[in-house]
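Peer 1: Please find upload.txt (compact mmCIF, C-alpha atoms) on the next line:
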# COMPACT_ATOMS: atom_id res chain seq x y z
CA GLN K 30 49.89 -41.41 -42.15
CA ARG K 31 50.71 -44.51 -40.11
CA ASN K 32 50.70 -42.49 -36.82
CA ALA K 33 47.64 -40.40 -37.68
CA LEU K 34 44.68 -40.58 -35.28
CA PRO K 35 41.22 -41.49 -36.55
CA GLU K 36 38.83 -38.56 -36.76
CA SER K 37 36.50 -39.98 -34.08
CA GLN K 38 39.39 -40.38 -31.62
CA TRP K 39 40.64 -36.86 -32.37
CA LEU K 40 37.18 -35.40 -31.73
CA GLU K 41 36.96 -37.33 -28.46
CA ILE K 42 40.30 -35.87 -27.32
CA LEU K 43 39.14 -32.35 -28.19
CA GLU K 44 35.89 -32.84 -26.28
CA ARG K 45 37.74 -34.10 -23.20
CA ARG K 46 40.13 -31.15 -23.37
CA GLN K 47 37.26 -28.66 -23.56
CA ASN K 48 35.46 -30.30 -20.64
CA LEU K 49 38.62 -30.29 -18.50
CA GLN K 50 39.30 -26.66 -19.39
CA LEU K 51 35.74 -25.69 -18.45
CA GLU K 52 35.99 -27.60 -15.16
CA PHE K 53 39.31 -25.89 -14.42
CA GLU K 54 37.75 -22.46 -14.98
CA HIS K 55 34.89 -23.34 -12.63
CA MET K 56 37.34 -24.48 -9.94
CA ARG K 57 39.50 -21.38 -10.41
CA HIS K 58 36.46 -19.13 -10.04
CA PHE K 59 35.35 -21.09 -6.96
CA ALA K 60 38.83 -20.75 -5.42
CA GLU K 61 38.60 -16.96 -5.81
CA LEU K 62 35.49 -16.97 -3.59
CA VAL K 63 36.86 -19.26 -0.87
CA GLY K 64 38.74 -17.91 2.13
CA PRO K 65 40.95 -19.64 4.70
CA ALA K 66 39.23 -22.55 6.45
CA LYS K 67 38.76 -22.39 10.22
CA SER K 68 38.52 -26.17 10.46
CA GLU K 69 38.72 -29.26 8.27
CA ASP K 70 34.93 -29.47 8.08
CA SER K 71 34.25 -25.89 7.01
CA PHE K 72 35.34 -23.13 4.67
CA SER K 73 34.69 -19.41 4.31
CA LEU K 74 33.07 -17.71 1.33
CA LEU K 75 34.26 -14.31 0.13
CA ALA K 76 31.37 -12.18 -1.12
CA PRO K 77 32.05 -10.85 -4.64
CA LEU K 78 29.64 -7.95 -4.10
CA ALA K 79 27.75 -6.04 -1.43
CA GLY K 80 24.35 -7.50 -0.64
CA ARG K 81 22.81 -10.62 0.89
CA ILE K 82 23.89 -14.24 0.94
CA SER K 83 21.27 -16.96 0.54
CA TYR K 84 22.02 -20.56 1.45
CA SER K 85 20.43 -23.58 3.11
CA PRO K 86 22.60 -25.48 5.63
CA SER K 87 22.44 -29.24 5.20
CA VAL K 88 23.55 -31.89 7.68
CA ASP K 89 24.20 -34.25 4.76
CA GLY K 90 26.67 -31.89 3.13
CA ILE K 91 26.59 -30.40 -0.36
CA ALA K 92 26.01 -32.68 -3.32
CA GLU K 93 28.34 -32.61 -6.29
CA CYS K 94 27.57 -29.74 -8.72
CA ALA K 95 24.93 -28.38 -6.31
CA PRO K 96 24.94 -24.61 -5.58
CA VAL K 97 26.73 -23.69 -2.35
CA ALA K 98 25.15 -20.27 -1.93
CA ALA K 99 23.78 -17.32 -3.87
CA PHE K 100 24.83 -13.69 -3.50
CA ILE K 101 22.07 -11.14 -4.08
CA PRO K 102 23.23 -7.59 -4.91
CA GLU K 103 21.89 -4.69 -2.90
CA GLY K 104 18.73 -3.27 -4.42
CA ALA K 105 18.05 -6.40 -6.49
CA GLU K 106 15.39 -8.02 -4.31
CA ARG K 107 11.94 -8.08 -5.86
CA VAL K 108 8.60 -9.70 -5.09
CA ARG K 109 6.93 -12.18 -7.44
CA ALA K 110 3.14 -12.51 -7.33
CA LEU K 111 0.24 -14.00 -9.28
CA ILE K 112 -2.78 -11.82 -10.07
CA PRO K 113 -5.97 -12.28 -12.12
CA ALA K 114 -5.17 -11.80 -15.80
CA ASN K 115 -8.19 -9.56 -16.38
CA ARG K 116 -6.82 -6.98 -13.89
CA ARG K 117 -3.22 -6.77 -15.02
CA GLU K 118 -3.63 -3.55 -17.00
CA ALA K 119 -4.88 -1.62 -13.97
CA LEU K 120 -2.38 -3.03 -11.45
CA ARG K 121 -0.42 -0.16 -9.91
CA GLU K 122 1.46 -1.63 -6.95
CA LEU K 123 1.50 -4.37 -4.29
CA ASP K 124 0.80 -3.59 -0.66
CA LEU K 125 3.12 -5.95 1.25
CA GLY K 126 2.10 -4.83 4.71
CA VAL K 127 5.53 -3.45 5.65
CA CYS K 128 5.72 -1.37 2.46
CA SER K 129 4.14 -0.78 -0.95
CA VAL K 130 6.10 -1.42 -4.14
CA GLY K 131 5.33 -0.51 -7.74
CA ILE K 132 5.10 -3.04 -10.57
CA ASP K 133 8.05 -3.44 -12.94
CA ALA K 134 7.08 -6.35 -15.20
CA VAL K 135 3.95 -8.31 -16.11
CA ALA K 136 4.16 -11.66 -17.90
CA GLU K 137 2.31 -12.24 -21.15
CA MET K 138 1.48 -15.91 -20.58
CA VAL K 139 -1.76 -16.72 -18.74
CA HIS K 140 -2.04 -19.86 -16.61
CA ALA K 141 -5.39 -20.79 -15.06
CA GLY K 142 -6.54 -17.17 -15.36
CA LEU K 143 -3.47 -15.80 -13.57
CA VAL K 144 -0.38 -13.91 -14.72
CA GLU K 145 2.98 -13.51 -13.04
CA VAL K 146 4.10 -10.02 -12.02
CA TRP K 147 7.38 -8.70 -10.60
CA THR K 148 7.73 -5.60 -8.48
CA ARG K 149 10.39 -2.94 -8.69
CA PRO K 150 13.43 -3.42 -6.41
CA LEU K 151 12.41 -3.35 -2.75
CA PRO K 152 13.26 -0.13 -0.88
CA PRO K 153 15.61 -0.32 2.14
CA ASP K 154 12.73 0.09 4.62
CA CYS K 155 10.96 -3.00 3.23
CA ALA K 156 12.23 -5.62 5.69
CA LEU K 157 11.66 -8.88 3.81
CA LEU K 158 13.86 -11.95 3.53
CA PRO K 159 14.79 -13.76 0.29
CA GLY K 160 12.42 -16.65 -0.37
CA GLU K 161 9.86 -15.41 2.15
CA SER K 162 6.20 -16.10 1.38
CA LEU K 163 3.68 -13.43 2.30
CA ALA K 164 0.19 -12.18 1.54
CA ALA K 165 0.16 -9.15 -0.76
CA ARG K 166 -2.75 -6.85 -1.50
CA PRO K 167 -2.89 -5.60 -5.11
CA GLN K 168 -3.64 -1.92 -5.62
CA TYR K 169 -5.34 -0.92 -8.85
CA ALA K 170 -5.42 2.41 -10.64
CA MET K 171 -8.35 3.93 -12.52
CA ARG K 172 -8.28 3.66 -16.28
CA SER K 173 -7.87 6.87 -18.21
CA GLY K 174 -10.94 8.32 -19.87
CA SER K 175 -14.51 8.79 -18.70
CA GLY K 176 -16.51 6.11 -16.94
CA TYR K 177 -18.78 5.34 -14.01
CA VAL K 178 -17.51 3.85 -10.76
CA TYR K 179 -19.82 1.57 -8.77
CA ARG K 180 -19.62 -0.54 -5.65
CA ALA K 181 -20.59 -4.11 -6.45
CA PRO K 182 -20.60 -7.28 -4.33
CA ALA K 183 -17.57 -9.41 -5.10
CA SER K 184 -19.98 -12.33 -5.62
CA ALA K 185 -21.65 -10.43 -8.49
CA LEU K 186 -18.56 -10.45 -10.71
CA LEU K 187 -18.51 -12.94 -13.56
CA VAL K 188 -15.18 -13.53 -15.28
CA TRP K 189 -15.38 -14.80 -18.84
CA GLN K 190 -12.46 -15.00 -21.28
CA GLU K 191 -10.29 -12.73 -19.10
CA GLN K 192 -13.01 -10.02 -18.93
CA SER K 193 -15.15 -9.14 -15.88
CA TYR K 194 -18.91 -8.64 -16.20
CA LEU K 195 -21.95 -7.72 -14.13
CA LEU K 196 -25.21 -9.50 -14.93
CA VAL K 197 -27.74 -6.66 -15.17
CA ARG K 198 -31.48 -7.25 -15.31
CA HIS K 199 -33.27 -6.01 -18.44
CA GLY K 200 -36.92 -6.93 -18.02
CA GLU K 201 -36.97 -10.69 -17.62
CA MET K 202 -33.53 -11.07 -19.17
CA LEU K 203 -30.00 -10.82 -17.80
CA GLN K 204 -27.42 -9.01 -19.91
CA MET K 205 -23.66 -9.06 -19.43
CA HIS K 206 -22.14 -5.59 -18.95
CA ALA K 207 -18.36 -5.42 -19.16
CA VAL K 208 -16.73 -3.72 -16.17
CA HIS K 209 -13.18 -3.18 -14.98
CA PRO K 210 -12.43 -3.92 -11.29
CA VAL K 211 -10.26 -1.17 -9.81
CA ALA K 212 -10.18 -1.92 -6.06
CA ASP K 213 -11.18 -4.57 -3.55
CA THR K 214 -12.58 -3.67 -0.14
CA GLY K 215 -13.42 -6.98 1.47
CA ASP K 216 -16.70 -8.34 0.10
CA VAL K 217 -17.23 -5.25 -2.06
CA THR K 218 -15.42 -4.45 -5.32
CA LEU K 219 -15.17 -1.04 -6.99
CA VAL K 220 -15.75 -1.41 -10.71
CA LEU K 221 -15.47 0.99 -13.63
CA SER K 222 -18.20 0.82 -16.28
CA SER K 223 -18.35 2.65 -19.59
CA ALA K 224 -22.17 2.67 -19.33
CA ALA K 225 -24.34 4.19 -16.60
CA LEU K 226 -25.88 1.50 -14.41
CA ASP K 227 -27.55 3.71 -11.80
CA GLY K 228 -30.61 2.06 -10.29
CA ARG K 229 -30.17 -1.14 -12.27
CA GLU K 230 -30.62 -4.54 -10.60
CA VAL K 231 -27.53 -6.73 -10.60
CA LEU K 232 -27.47 -10.47 -10.01
CA ARG K 233 -25.65 -11.08 -6.72
CA THR K 234 -26.08 -14.82 -6.25
CA SER K 235 -25.85 -17.88 -8.49
CA VAL K 236 -23.31 -16.10 -10.71
CA SER K 237 -21.17 -19.24 -10.74
CA ALA K 238 -24.17 -21.17 -12.09
CA VAL K 239 -24.47 -18.72 -14.98
CA GLN K 240 -20.76 -19.09 -15.66
CA GLY K 241 -21.21 -22.86 -15.73
CA ILE K 242 -23.96 -22.48 -18.34
CA LEU K 243 -21.66 -20.29 -20.45
CA LEU K 244 -18.95 -22.92 -20.26
CA GLY K 245 -21.42 -25.57 -21.36
CA LEU K 246 -22.55 -23.46 -24.32
CA GLY K 247 -19.03 -22.50 -25.31
CA GLY K 248 -19.79 -18.83 -24.70
CA GLU K 249 -22.59 -18.61 -27.28
Any chance you could give the structure as C-alpha cells?
Peer 2:
Amino acid sequence: QRNALPESQWLEILERRQNLQLEFEHMRHFAELVGPAKSEDSFSLLAPLAGRISYSPSVDGIAECAPVAAFIPEGAERVRALIPANRREALRELDLGVCSVGIDAVAEMVHAGLVEVWTRPLPPDCALLPGESLAARPQYAMRSGSGYVYRAPASALLVWQEQSYLLVRHGEMLQMHAVHPVADTGDVTLVLSSAALDGREVLRTSVSAVQGILLGLGGE
C-alpha cells in the first residue's frame, strides 16, 4: 500500500499513454505514405489510391497538425450547389456547361430560402477541378399528374413560405394561385398550375411590394 499510486495520478498516466499511442499510430500511418526525399526541404507522398491529389503549396510551410494533402478517389468528385427550396422536388440535374449531372442528394435544412444539393459522381468527360467555383444551370422535371403549363415573366413569381404563386386578377382583387416552376428561360419561367389560367391577367410588376405587405401582415 505504501508504494501504491493515487487514483488521479494513475488516470493521468493512462491518459498520457493513450495519447502517445494515438500519436504513434498517426506517425506510423504518415510514414507509410511518405517516400524517399529528394532534398532536405522536401518529401514525396505515396498515393494510397488511384485518383486526384488536392493540396495548397505554402511558402510558410505546413503548420503543426494541419493537413498536408487530400487524396480523392476516382469517381468520387461531385458538385455542391444551392437552389431555391421551393424547387427542390422538381430538380432533375445541373447543367455545368461542360456536362450535365444528375442529383444524388438534397438537404432537408433550409437556409435563407435555399437548400444544399449534391450531384452524382462526375463522369470522366466532365473536366472540372476540385474546389473550382462555377455557374450551374438547374434543370427541372415536370411533376407527375395532370396540370397546365404556362409561360410567365420571372418578375411575376411571388415566393411565400417556400411556395411559388402568381397573382391573378379576379375583378378588382388579386388572388394567389399556387404554381410550380419547372424551367427558366431567361426572363421567362415555365410554371405548372393545377388550375387553368388561360386568358387571365397576371400581375407582372410590384410583386415585391405585395410580398412586403404579406410579411407585414404575417401572411394573413
Peer 1: Would you mind listing what lies within 7 Å of segment 160-168 of chain K as a PyMOL selection string, with all atoms listed in the file counted and same-chain residues fewer than 4 positions away left out?
Peer 2: chain K and resi 120-125+212
Peer 1: I'd like the neighbourhood of segment 71-74 of chain K as a ChimeraX atom specification, where a residue qualifies if any of its atoms comes within 9 Å (using only C-alpha atoms), though same-chain residues fewer than 6 positions away should be ignored.
Peer 2: /K:62-65,98
Peer 1: Between K:Lys67, K:His140, K:Arg149, K:Arg180, which is the closest to Glu106 of chain K once you count only C-alpha atoms?
Peer 2: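 Using only C-alpha atoms, Glu106 of chain K sits closest to K:Arg149.
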Peer 1: Can you check which parts of segment 156-189 of chain K lie within 10 Å of segment 233-248 of chain K? Per residue, the shortest pair of atoms and distance in Å to one decimal, counting all atoms listed in the file, sorted by chain and number, as a Markdown table.
Peer 2:
| residue | atom | partner | partner_atom | distance |
| --- | --- | --- | --- | --- |
| K:Ala181 | CA | K:Arg233 | CA | 8.6 |
| K:Pro182 | CA | K:Arg233 | CA | 6.8 |
| K:Ala183 | CA | K:Arg233 | CA | 8.4 |
| K:Ser184 | CA | K:Arg233 | CA | 5.9 |
| K:Ala185 | CA | K:Arg233 | CA | 4.4 |
| K:Leu186 | CA | K:Val236 | CA | 7.4 |
| K:Leu187 | CA | K:Val236 | CA | 6.4 |
| K:Val188 | CA | K:Gln240 | CA | 7.9 |
| K:Trp189 | CA | K:Gln240 | CA | 7.6 |
Peer 1: If you keep C-alpha atoms, can you produce a file of those selected residues as an mmCIF file, in the coordinates of the input?
Peer 2:
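Saved to result.cif:
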data_model
loop_
_atom_site.group_PDB
_atom_site.id
_atom_site.type_symbol
_atom_site.label_atom_id
_atom_site.label_comp_id
_atom_site.auth_asym_id
_atom_site.auth_seq_id
_atom_site.Cartn_x
_atom_site.Cartn_y
_atom_site.Cartn_z
ATOM 1 C CA ALA K 181 -20.590 -4.110 -6.450
ATOM 2 C CA PRO K 182 -20.600 -7.280 -4.330
ATOM 3 C CA ALA K 183 -17.570 -9.410 -5.100
ATOM 4 C CA SER K 184 -19.980 -12.330 -5.620
ATOM 5 C CA ALA K 185 -21.650 -10.430 -8.490
ATOM 6 C CA LEU K 186 -18.560 -10.450 -10.710
ATOM 7 C CA LEU K 187 -18.510 -12.940 -13.560
ATOM 8 C CA VAL K 188 -15.180 -13.530 -15.280
ATOM 9 C CA TRP K 189 -15.380 -14.800 -18.840
#
Peer 1: Report, in Å to a single decimal, how far apart atom CA of His206 of chain K and atom CA of Ala225 of chain K are.
Peer 2: 10.3 Å
Peer 1: Between atom CA of Glu118 of chain K and atom CA of Leu151 of chain K, what is the distance, to one decimal in Å?
Peer 2: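 About the pair atom CA of Glu118 of chain K and atom CA of Leu151 of chain K: they are 21.5 Å apart.
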Peer 1: At what distance in Å, to one decimal, does atom CA of Pro96 of chain K lie from atom CA of Val135 of chain K?
Peer 2: 28.6 Å
